[in-house]
$ cat coords_21.pdb   # PDB, C-alpha atoms
ATOM      1  CA  MET L  24       3.084   7.854 -13.500
ATOM      2  CA  TYR L  25       2.045   5.584 -10.661
ATOM      3  CA  LYS L  26       3.721   2.537  -9.142
ATOM      4  CA  ALA L  27       2.450  -0.342  -7.082
ATOM      5  CA  ILE L  28       4.394  -3.074  -5.333
ATOM      6  CA  THR L  29       3.273  -6.661  -4.822
ATOM      7  CA  SER L  30       4.777  -9.528  -2.880
ATOM      8  CA  ALA L  31       5.853 -12.873  -4.295
ATOM      9  CA  PRO L  32       4.423 -15.333  -5.004
ATOM     10  CA  LYS L  33       2.272 -13.007  -7.107
ATOM     11  CA  ALA L  34      -0.533 -12.533  -4.626
ATOM     12  CA  ALA L  35      -0.099  -9.241  -2.796
ATOM     13  CA  CYS L  36       0.661  -5.663  -3.708
ATOM     14  CA  VAL L  37       1.537  -2.439  -1.942
ATOM     15  CA  SER L  38      -0.710   0.513  -2.737
ATOM     16  CA  LYS L  39      -2.428   3.545  -1.147
ATOM     17  CA  LYS L  40      -5.802   4.988  -0.018
ATOM     18  CA  SER L  41      -9.291   4.759  -1.374
ATOM     19  CA  ASN L  42     -12.850   6.032  -0.949
ATOM     20  CA  LEU L  43     -15.643   5.082   1.447
ATOM     21  CA  MET L  44     -17.446   3.349  -1.430
ATOM     22  CA  SER L  45     -16.007   0.311  -3.216
ATOM     23  CA  ARG L  46     -18.315  -0.396  -6.153
ATOM     24  CA  LEU L  47     -17.008  -0.079  -9.722
ATOM     25  CA  GLY L  48     -16.758   3.477 -10.992
ATOM     26  CA  VAL L  49     -16.259   5.019  -7.545
ATOM     27  CA  TYR L  50     -13.327   7.411  -7.131
ATOM     28  CA  LEU L  51     -10.320   6.189  -5.143
ATOM     29  CA  PRO L  52      -7.815   8.855  -4.090
ATOM     30  CA  GLY L  53      -4.461   7.175  -4.356
ATOM     31  CA  VAL L  54      -4.830   3.432  -4.747
ATOM     32  CA  LEU L  55      -1.436   3.014  -6.385
ATOM     33  CA  LEU L  56       2.062   4.249  -5.748
ATOM     34  CA  LEU L  57       3.279   7.429  -7.437
ATOM     35  CA  LEU L  58       7.062   7.435  -7.763
ATOM     36  CA  GLY L  59       7.734   9.635 -10.794
ATOM     37  CA  SER L  60       9.932   7.174 -12.644
ATOM     38  CA  PRO L  61      10.633   7.309 -16.399
ATOM     39  CA  VAL L  62       7.921   6.440 -18.898
ATOM     40  CA  PHE L  63       8.306   2.962 -20.369
ATOM     41  CA  ALA L  64       7.704   2.307 -24.061
ATOM     42  CA  ALA L  65       6.293  -1.191 -23.573
ATOM     43  CA  SER L  66       3.437  -2.175 -21.277
ATOM     44  CA  PRO L  67       3.439  -5.942 -20.599
ATOM     45  CA  TYR L  68       0.534  -5.704 -18.135
ATOM     46  CA  THR L  69      -2.596  -3.745 -17.354
ATOM     47  CA  ILE L  70      -3.943  -3.166 -13.853
ATOM     48  CA  ASN L  71      -7.421  -2.424 -12.526
ATOM     49  CA  ALA L  72      -8.515  -1.441  -9.004
ATOM     50  CA  THR L  73     -11.692  -3.357  -8.188
ATOM     51  CA  GLY L  74     -12.560  -2.596  -4.553
ATOM     52  CA  VAL L  75     -11.456  -2.308  -0.915
ATOM     53  CA  ASP L  76     -11.408  -4.676   2.070
ATOM     54  CA  TRP L  77     -13.136  -3.095   5.061
ATOM     55  CA  SER L  78     -12.138  -6.072   7.222
ATOM     56  CA  ARG L  79      -8.477  -4.985   6.785
ATOM     57  CA  GLY L  80      -8.750  -1.210   6.606
ATOM     58  CA  GLU L  81     -10.782   1.777   7.767
ATOM     59  CA  ASN L  82     -11.447   5.494   7.420
ATOM     60  CA  ILE L  83      -8.853   7.511   9.361
ATOM     61  CA  TRP L  84      -7.428  11.025   9.548
ATOM     62  CA  ILE L  85      -3.703  11.819   9.405
ATOM     63  CA  ARG L  86      -1.588  14.977   9.222
ATOM     64  CA  GLU L  87       0.193  15.375   5.879
ATOM     65  CA  ASN L  88       2.635  18.257   5.452
ATOM     66  CA  GLY L  89       1.075  20.132   8.359
ATOM     67  CA  THR L  90      -2.566  19.671   7.326
ATOM     68  CA  ASP L  91      -5.017  17.243   8.929
ATOM     69  CA  ARG L  92      -6.696  15.260   6.154
ATOM     70  CA  GLN L  93      -9.240  12.483   5.868
ATOM     71  CA  THR L  94      -7.875   9.425   4.073
ATOM     72  CA  TYR L  95     -11.332   7.863   3.546
ATOM     73  CA  PHE L  96     -10.175   4.253   3.266
ATOM     74  CA  THR L  97      -6.712   3.253   4.502
ATOM     75  CA  GLY L  98      -5.734  -0.375   4.108
ATOM     76  CA  VAL L  99      -5.984  -3.340   1.751
ATOM     77  CA  ILE L 100      -7.259  -2.641  -1.775
ATOM     78  CA  TYR L 101      -8.176  -5.232  -4.392
ATOM     79  CA  ILE L 102      -6.645  -5.099  -7.864
ATOM     80  CA  SER L 103      -6.631  -7.313 -10.938
ATOM     81  CA  LEU L 104      -3.512  -7.656 -13.103
ATOM     82  CA  PHE L 105      -3.668  -8.797 -16.739
ATOM     83  CA  ASP L 106      -0.831  -9.818 -19.073
ATOM     84  CA  GLN L 107      -0.824  -9.456 -22.857
ATOM     85  CA  SER L 108      -2.294 -12.951 -23.268
ATOM     86  CA  GLY L 109      -5.286 -12.070 -21.106
ATOM     87  CA  ASN L 110      -4.191 -14.066 -18.034
ATOM     88  CA  GLN L 111      -5.530 -12.546 -14.816
ATOM     89  CA  TRP L 112      -4.166 -12.375 -11.250
ATOM     90  CA  ASN L 113      -6.251 -10.960  -8.399
ATOM     91  CA  ARG L 114      -4.142  -9.378  -5.677
ATOM     92  CA  ASP L 115      -4.424  -7.548  -2.372
ATOM     93  CA  THR L 116      -2.656  -4.197  -2.405
ATOM     94  CA  LEU L 117      -1.388  -1.407  -0.168
ATOM     95  CA  CYS L 118      -0.361   2.031  -1.390
ATOM     96  CA  VAL L 119       2.973   3.719  -0.995
ATOM     97  CA  ASP L 120       2.484   7.385  -1.900
ATOM     98  CA  LEU L 121      -0.030   9.732  -0.322
ATOM     99  CA  PHE L 122      -3.007  11.289  -2.125
ATOM    100  CA  THR L 123      -2.477   9.991  -5.641
ATOM    101  CA  ASP L 124      -5.589   9.858  -7.841
ATOM    102  CA  ILE L 125      -6.850   6.658  -9.448
ATOM    103  CA  TYR L 126     -10.319   5.274 -10.166
ATOM    104  CA  ILE L 127     -11.990   1.931  -9.534
ATOM    105  CA  GLY L 128     -12.904   0.255 -12.803
ATOM    106  CA  VAL L 129     -10.374   2.210 -14.903
ATOM    107  CA  THR L 130      -7.640   0.235 -16.701
ATOM    108  CA  TYR L 131      -4.025   1.415 -16.374
ATOM    109  CA  ASP L 132      -0.871   0.287 -18.165
ATOM    110  CA  THR L 133       1.819  -1.125 -15.900
ATOM    111  CA  VAL L 134       5.399  -2.447 -16.085
ATOM    112  CA  GLU L 135       6.828  -4.913 -13.580
ATOM    113  CA  LEU L 136       9.954  -3.997 -11.602
ATOM    114  CA  HIS L 137      11.505  -5.099  -8.289
ATOM    115  CA  PRO L 138      12.141  -3.104  -5.078
ATOM    116  CA  ASN L 139      15.871  -2.851  -5.827
ATOM    117  CA  ASP L 140      14.995  -1.132  -9.135
ATOM    118  CA  VAL L 141      13.538   1.848  -7.229
ATOM    119  CA  SER L 142      16.016   3.968  -5.274
ATOM    120  CA  GLY L 143      15.412   6.283  -2.337
ATOM    121  CA  ARG L 144      12.025   4.952  -1.197
ATOM    122  CA  ASN L 145      12.926   2.042   1.122
ATOM    123  CA  LEU L 146      10.871  -0.374  -0.939
ATOM    124  CA  THR L 147      13.032  -3.320   0.107
ATOM    125  CA  ARG L 148      12.039  -2.611   3.731
ATOM    126  CA  VAL L 149       8.405  -2.283   2.648
ATOM    127  CA  SER L 150       8.730  -5.551   0.735
ATOM    128  CA  TRP L 151       9.922  -7.342   3.882
ATOM    129  CA  LEU L 152       6.993  -5.956   5.865
ATOM    130  CA  VAL L 153       4.415  -7.002   3.272
ATOM    131  CA  ASP L 154       6.058 -10.426   2.811
ATOM    132  CA  ASN L 155       5.869 -11.149   6.543
ATOM    133  CA  ALA L 156       2.712  -9.356   7.705
ATOM    134  CA  LEU L 157       0.304  -9.360   4.737
ATOM    135  CA  LEU L 158       1.220 -12.250   2.451
ATOM    136  CA  PRO L 159       0.807 -15.004   5.094
ATOM    137  CA  THR L 160      -2.922 -14.154   5.280
ATOM    138  CA  GLN L 161      -3.269 -14.935   1.556
ATOM    139  CA  VAL L 162      -0.916 -17.873   0.915
ATOM    140  CA  ASN L 163      -1.209 -20.922   3.190
ATOM    141  CA  PRO L 164       1.190 -22.290   4.131
ATOM    142  CA  TYR L 165       3.611 -19.358   3.866
ATOM    143  CA  SER L 166       6.726 -18.828   5.938
ATOM    144  CA  SER L 167       6.724 -15.630   8.030
ATOM    145  CA  LEU L 168       9.234 -14.306  10.547
ATOM    146  CA  LEU L 169       6.370 -12.698  12.497
ATOM    147  CA  PRO L 170       3.875 -14.416  14.819
ATOM    148  CA  SER L 171       0.377 -14.801  13.390
ATOM    149  CA  SER L 172      -0.890 -12.186  15.869
ATOM    150  CA  ASP L 173       1.055  -9.566  13.861
ATOM    151  CA  TRP L 174      -0.427 -10.560  10.504
ATOM    152  CA  VAL L 175      -2.836  -8.111   8.879
ATOM    153  CA  THR L 176      -6.305  -9.476   9.693
ATOM    154  CA  THR L 177      -8.163  -6.502  11.277
ATOM    155  CA  PRO L 178      -9.134  -2.962  10.180
ATOM    156  CA  ALA L 179      -6.654  -1.420  12.650
ATOM    157  CA  GLN L 180      -3.805  -3.640  11.417
ATOM    158  CA  GLY L 181      -4.618  -2.856   7.772
ATOM    159  CA  ALA L 182      -4.680   0.883   8.421
ATOM    160  CA  GLY L 183      -1.616   0.589  10.655
ATOM    161  CA  ILE L 184       0.576  -1.192   8.117
ATOM    162  CA  GLN L 185      -0.533   1.310   5.469
ATOM    163  CA  LEU L 186       0.368   4.253   7.710
ATOM    164  CA  ALA L 187       3.731   2.638   8.480
ATOM    165  CA  ILE L 188       4.437   2.183   4.755
ATOM    166  CA  TRP L 189       3.668   5.840   4.032
ATOM    167  CA  ASP L 190       6.017   6.953   6.817
ATOM    168  CA  ILE L 191       8.768   4.542   5.739
ATOM    169  CA  THR L 192       8.669   5.732   2.124
ATOM    170  CA  GLU L 193       8.179   9.429   2.903
ATOM    171  CA  ASN L 194      10.189   9.934   6.115
ATOM    172  CA  ASN L 195      12.382   6.838   6.474
ATOM    173  CA  GLY L 196      10.082   5.625   9.264
ATOM    174  CA  ASP L 197      10.675   8.403  11.798
ATOM    175  CA  GLY L 198       7.420   7.902  13.719
ATOM    176  CA  PHE L 199       4.227   9.930  13.733
ATOM    177  CA  SER L 200       5.096  13.136  15.574
ATOM    178  CA  ALA L 201       7.555  14.510  12.974
ATOM    179  CA  GLY L 202       8.049  14.678   9.223
ATOM    180  CA  SER L 203       5.444  14.935   6.463
ATOM    181  CA  VAL L 204       3.362  11.994   7.773
ATOM    182  CA  GLN L 205       2.030  12.474  11.314
ATOM    183  CA  ALA L 206      -0.908  11.566  13.497
ATOM    184  CA  SER L 207      -3.854  13.933  13.096
ATOM    185  CA  GLN L 208      -3.853  16.825  15.562
ATOM    186  CA  ASP L 209      -7.513  17.674  14.930
ATOM    187  CA  PRO L 210      -9.235  17.019  18.299
ATOM    188  CA  ASN L 211     -12.441  16.101  16.460
ATOM    189  CA  ASN L 212     -10.687  13.643  14.153
ATOM    190  CA  PRO L 213      -7.716  12.040  15.941
ATOM    191  CA  THR L 214      -5.839   9.182  14.318
ATOM    192  CA  PRO L 215      -7.144   6.097  16.191
ATOM    193  CA  ALA L 216      -4.841   4.924  18.968
ATOM    194  CA  ASP L 217      -5.013   1.284  17.843
ATOM    195  CA  VAL L 218      -3.979   2.267  14.300
ATOM    196  CA  LEU L 219      -1.015   4.244  15.674
ATOM    197  CA  TYR L 220      -0.067   1.257  17.839
ATOM    198  CA  TRP L 221       0.101  -1.062  14.833
ATOM    199  CA  ALA L 222       1.784   1.530  12.627
ATOM    200  CA  THR L 223       4.514   2.048  15.226
ATOM    201  CA  LEU L 224       4.914  -1.697  15.751
ATOM    202  CA  TYR L 225       5.216  -2.396  12.014
ATOM    203  CA  GLU L 226       7.877   0.295  11.699
ATOM    204  CA  THR L 227       9.770  -1.213  14.622
ATOM    205  CA  LEU L 228       9.491  -4.775  13.323
ATOM    206  CA  SER L 229      10.751  -3.809   9.855
ATOM    207  CA  LEU L 230      13.663  -1.655  11.026
ATOM    208  CA  GLY L 231      16.861  -2.912   9.399
ATOM    209  CA  GLU L 232      15.014  -5.599   7.412
ATOM    210  CA  THR L 233      15.084  -5.922   3.608
ATOM    211  CA  SER L 234      13.648  -8.148   0.909
ATOM    212  CA  ASP L 235      13.603  -8.045  -2.900
ATOM    213  CA  LEU L 236      10.876 -10.673  -3.257
ATOM    214  CA  ALA L 237       8.169  -8.186  -4.166
ATOM    215  CA  TYR L 238       7.041  -7.067  -7.609
ATOM    216  CA  VAL L 239       6.773  -3.336  -8.275
ATOM    217  CA  TYR L 240       4.225  -2.091 -10.791
ATOM    218  CA  ASP L 241       4.914   1.164 -12.574
ATOM    219  CA  VAL L 242       1.420   2.308 -13.552
ATOM    220  CA  SER L 243       0.374   5.036 -16.006
ATOM    221  CA  VAL L 244      -2.917   6.228 -17.448
ATOM    222  CA  ARG L 245      -3.655   4.571 -20.781
TER     223      ARG L 245
END

$ encode --input "coords_21.pdb" --output "structure tokens"
Amino acid sequence: MYKAITSAPKAACVSKKSNLMSRLGVYLPGVLLLLGSPVFAASPYTINATGVDWSRGENIWIRENGTDRQTYFTGVIYISLFDQSGNQWNRDTLCVDLFTDIYIGVTYDTVELHPNDVSGRNLTRVSWLVDNALLPTQVNPYSSLLPSSDWVTTPAQGAGIQLAIWDITENNGDGFSAGSVQASQDPNNPTPADVLYWATLYETLSLGETSDLAYVYDVSVR
């Protein structure tokens, strides 16, 4: 089972990493959130990863559970959501779980939830961060509590907010020198300083904040 989260009004989604290539059929390691929730009998929607946004993401290395690993693409990923009537919504996404496998061009079943429906992963904090840092770049005008300079518009900001989301969901946002999500310690492949700056800032800005305005997509292979 996978899950993805997207901000209201239905225009943005929280997902994970992807590959250096973005054409259809290319493998994306971990575009959508894996949360291990129960299997749902009905599937009101289907979801399809269609590409990545290099202007709001980049290839970085991080340390996961003590091992330095290449994330390929870290940042905003494009998806399309379809309901049972064939209506389509195109959304920008960020991942929540690390190293979860999904493929561009493959259709997945999905069920819509809300952040409060998922316990133990701080998705209400993630929802607030996406609502205020990512959604304003897609919906104009859109009210944000953050200055426009903190909105996700650059590769470093896209990778930074993604890294912050992973640390918030995995380690309660304890920074990048402890826990299962850390900065890379490989001297040949350090996590970029500007990405760490934005990741740390996004964790700080979202501390103590919550929102249930997002939509969470529980995704499973068809």

$ closest_atom_pairs --input "coords_21.pdb" --of "segment 69-147 of chain L" --to "segment 212-217 of chain L" --cutoff "10 Å" --atoms "only C-alpha atoms" --output "CSV"
residue,atom,partner,partner_atom,distance
L:Asn82,CA,L:Thr214,CA,9.6
L:Ile83,CA,L:Thr214,CA,6.0
L:Trp84,CA,L:Thr214,CA,5.4
L:Ile85,CA,L:Thr214,CA,6.0
L:Arg86,CA,L:Thr214,CA,8.8
L:Asp91,CA,L:Asn212,CA,8.5
L:Arg92,CA,L:Asn212,CA,9.1
L:Gln93,CA,L:Asn212,CA,8.5

$ write_last_selection --input "coords_21.pdb" --atoms "C-alpha atoms" --output "PDB file, in the coordinates of the input"
ATOM      1  CA  ASN L  82     -11.447   5.494   7.420  1.00  0.00           C
ATOM      2  CA  ILE L  83      -8.853   7.511   9.361  1.00  0.00           C
ATOM      3  CA  TRP L  84      -7.428  11.025   9.548  1.00  0.00           C
ATOM      4  CA  ILE L  85      -3.703  11.819   9.405  1.00  0.00           C
ATOM      5  CA  ARG L  86      -1.588  14.977   9.222  1.00  0.00           C
ATOM      6  CA  ASP L  91      -5.017  17.243   8.929  1.00  0.00           C
ATOM      7  CA  ARG L  92      -6.696  15.260   6.154  1.00  0.00           C
ATOM      8  CA  GLN L  93      -9.240  12.483   5.868  1.00  0.00           C
TER       9      GLN L  93
END

$ residues_around --input "coords_21.pdb" --residues "Ser103 of chain L" --least-positions-apart "5" --cutoff "12 Å" --atoms "all atoms listed in the file" --output "ChimeraX atom specification"
/L:29,33-36,68-74,109-116,127-133

$ residues_around --input "coords_21.pdb" --residues "Glu226 of chain L" --least-positions-apart "2" --cutoff "8 Å" --atoms "only C-alpha atoms" --output "PDB file with C-alpha atoms, in the coordinates of the input"
ATOM      1  CA  ALA L 187       3.731   2.638   8.480  1.00  0.00           C
ATOM      2  CA  ILE L 188       4.437   2.183   4.755  1.00  0.00           C
ATOM      3  CA  ILE L 191       8.768   4.542   5.739  1.00  0.00           C
ATOM      4  CA  GLY L 196      10.082   5.625   9.264  1.00  0.00           C
ATOM      5  CA  GLY L 198       7.420   7.902  13.719  1.00  0.00           C
ATOM      6  CA  ALA L 222       1.784   1.530  12.627  1.00  0.00           C
ATOM      7  CA  THR L 223       4.514   2.048  15.226  1.00  0.00           C
ATOM      8  CA  LEU L 224       4.914  -1.697  15.751  1.00  0.00           C
ATOM      9  CA  LEU L 228       9.491  -4.775  13.323  1.00  0.00           C
ATOM     10  CA  SER L 229      10.751  -3.809   9.855  1.00  0.00           C
ATOM     11  CA  LEU L 230      13.663  -1.655  11.026  1.00  0.00           C
TER      12      LEU L 230
END

$ closest_residue --input "coords_21.pdb" --among "L:Asp190, L:Asp209, L:Glu232, L:Asp197" --to "Gly89 of chain L" --atoms "only C-alpha atoms"
L:Asp209

$ closest_residue --input "coords_21.pdb" --among "L:Asn145, L:Ser234, L:Ser78, L:Thr94" --to "Leu121 of chain L" --atoms "only C-alpha atoms"
L:Thr94

$ resolve_selection --input "coords_21.pdb" --expression "the PyMOL selection byres ((chain L and resi 167) around 10)" --output "short mmCIF file (atom, residue, chain, number, x, y, z; two decimals) with C-alpha atoms, keeping the file's coordinate frame"
data_model
loop_
_atom_site.label_atom_id
_atom_site.label_comp_id
_atom_site.auth_asym_id
_atom_site.auth_seq_id
_atom_site.Cartn_x
_atom_site.Cartn_y
_atom_site.Cartn_z
CA TRP L 151 9.92 -7.34 3.88
CA LEU L 152 6.99 -5.96 5.86
CA ASP L 154 6.06 -10.43 2.81
CA ASN L 155 5.87 -11.15 6.54
CA ALA L 156 2.71 -9.36 7.70
CA LEU L 157 0.30 -9.36 4.74
CA LEU L 158 1.22 -12.25 2.45
CA PRO L 159 0.81 -15.00 5.09
CA PRO L 164 1.19 -22.29 4.13
CA TYR L 165 3.61 -19.36 3.87
CA SER L 166 6.73 -18.83 5.94
CA LEU L 168 9.23 -14.31 10.55
CA LEU L 169 6.37 -12.70 12.50
CA PRO L 170 3.88 -14.42 14.82
CA SER L 171 0.38 -14.80 13.39
CA TRP L 174 -0.43 -10.56 10.50
#

$ atom_distance --input "coords_21.pdb" --atom1 "atom CA of Ser142 of chain L" --atom2 "atom CA of Ser203 of chain L"
19.2 Å

$ atom_distance --input "coords_21.pdb" --atom1 "atom CA of Arg148 of chain L" --atom2 "atom CA of Glu87 of chain L"
21.6 Å

$ resolve_selection --input "coords_21.pdb" --expression "the PyMOL selection byres ((chain L and resi 99) around 6)" --output "list in words"
Asp76, Arg79, Gly80, Gly98, Ile100, Thr116 and Leu117 of chain L

$ closest_residue --input "coords_21.pdb" --among "L:Thr192, L:Leu104, L:Ser150, L:Tyr225" --to "His137 of chain L" --atoms "all atoms listed in the file"
L:Ser150

$ closest_residue --input "coords_21.pdb" --among "L:Asp241, L:Ser200, L:Gln205, L:Val218" --to "Thr97 of chain L" --atoms "all atoms listed in the file"
L:Val218

$ atom_distance --input "coords_21.pdb" --atom1 "atom CA of Leu236 of chain L" --atom2 "atom CA of Val153 of chain L"
9.9 Å

$ closest_residue --input "coords_21.pdb" --among "L:Thr227, L:Asn139, L:Cys118, L:Gln107" --to "Ala182 of chain L" --atoms "only C-alpha atoms"
L:Cys118

$ build_atoms --input "coords_21.pdb" --residues "segment 125-143 of chain L" --atoms "N, CA and C atoms" --output "mmCIF file, in the coordinates of the input"
data_model
loop_
_atom_site.group_PDB
_atom_site.id
_atom_site.type_symbol
_atom_site.label_atom_id
_atom_site.label_comp_id
_atom_site.auth_asym_id
_atom_site.auth_seq_id
_atom_site.Cartn_x
_atom_site.Cartn_y
_atom_site.Cartn_z
ATOM 1 N N ILE L 125 -6.589 7.784 -8.557
ATOM 2 C CA ILE L 125 -6.850 6.658 -9.448
ATOM 3 C C ILE L 125 -8.313 6.274 -9.255
ATOM 4 N N TYR L 126 -8.902 5.586 -10.216
ATOM 5 C CA TYR L 126 -10.319 5.274 -10.166
ATOM 6 C C TYR L 126 -10.558 3.770 -10.220
ATOM 7 N N ILE L 127 -11.557 3.317 -9.437
ATOM 8 C CA ILE L 127 -11.990 1.931 -9.534
ATOM 9 C C ILE L 127 -12.637 1.717 -10.896
ATOM 10 N N GLY L 128 -12.309 0.598 -11.526
ATOM 11 C CA GLY L 128 -12.904 0.255 -12.803
ATOM 12 C C GLY L 128 -12.188 0.812 -14.009
ATOM 13 N N VAL L 129 -11.163 1.662 -13.802
ATOM 14 C CA VAL L 129 -10.374 2.210 -14.903
ATOM 15 C C VAL L 129 -9.145 1.335 -15.118
ATOM 16 N N THR L 130 -8.789 1.070 -16.380
ATOM 17 C CA THR L 130 -7.640 0.235 -16.701
ATOM 18 C C THR L 130 -6.397 1.095 -16.911
ATOM 19 N N TYR L 131 -5.293 0.690 -16.296
ATOM 20 C CA TYR L 131 -4.025 1.415 -16.374
ATOM 21 C C TYR L 131 -2.943 0.486 -16.927
ATOM 22 N N ASP L 132 -2.039 1.036 -17.722
ATOM 23 C CA ASP L 132 -0.871 0.287 -18.165
ATOM 24 C C ASP L 132 0.121 0.167 -17.018
ATOM 25 N N THR L 133 0.841 -0.944 -16.966
ATOM 26 C CA THR L 133 1.819 -1.125 -15.900
ATOM 27 C C THR L 133 2.999 -1.962 -16.374
ATOM 28 N N VAL L 134 4.167 -1.706 -15.800
ATOM 29 C CA VAL L 134 5.399 -2.447 -16.085
ATOM 30 C C VAL L 134 5.922 -3.004 -14.773
ATOM 31 N N GLU L 135 6.375 -4.243 -14.794
ATOM 32 C CA GLU L 135 6.828 -4.913 -13.580
ATOM 33 C C GLU L 135 8.303 -4.640 -13.302
ATOM 34 N N LEU L 136 8.590 -4.223 -12.077
ATOM 35 C CA LEU L 136 9.954 -3.997 -11.602
ATOM 36 C C LEU L 136 10.133 -4.777 -10.288
ATOM 37 N N HIS L 137 11.256 -4.534 -9.607
ATOM 38 C CA HIS L 137 11.505 -5.099 -8.289
ATOM 39 C C HIS L 137 11.905 -3.971 -7.347
ATOM 40 N N PRO L 138 11.791 -4.164 -6.023
ATOM 41 C CA PRO L 138 12.141 -3.104 -5.078
ATOM 42 C C PRO L 138 13.534 -2.521 -5.283
ATOM 43 N N ASN L 139 14.511 -3.357 -5.618
ATOM 44 C CA ASN L 139 15.871 -2.851 -5.827
ATOM 45 C C ASN L 139 15.989 -1.955 -7.062
ATOM 46 N N ASP L 140 14.978 -1.988 -7.954
ATOM 47 C CA ASP L 140 14.995 -1.132 -9.135
ATOM 48 C C ASP L 140 14.586 0.302 -8.812
ATOM 49 N N VAL L 141 14.043 0.526 -7.618
ATOM 50 C CA VAL L 141 13.538 1.848 -7.229
ATOM 51 C C VAL L 141 14.389 2.366 -6.079
ATOM 52 N N SER L 142 15.102 3.445 -6.291
ATOM 53 C CA SER L 142 16.016 3.968 -5.274
ATOM 54 C C SER L 142 15.340 5.048 -4.432
ATOM 55 N N GLY L 143 15.807 5.172 -3.185
ATOM 56 C CA GLY L 143 15.412 6.283 -2.337
ATOM 57 C C GLY L 143 14.037 6.192 -1.704
#
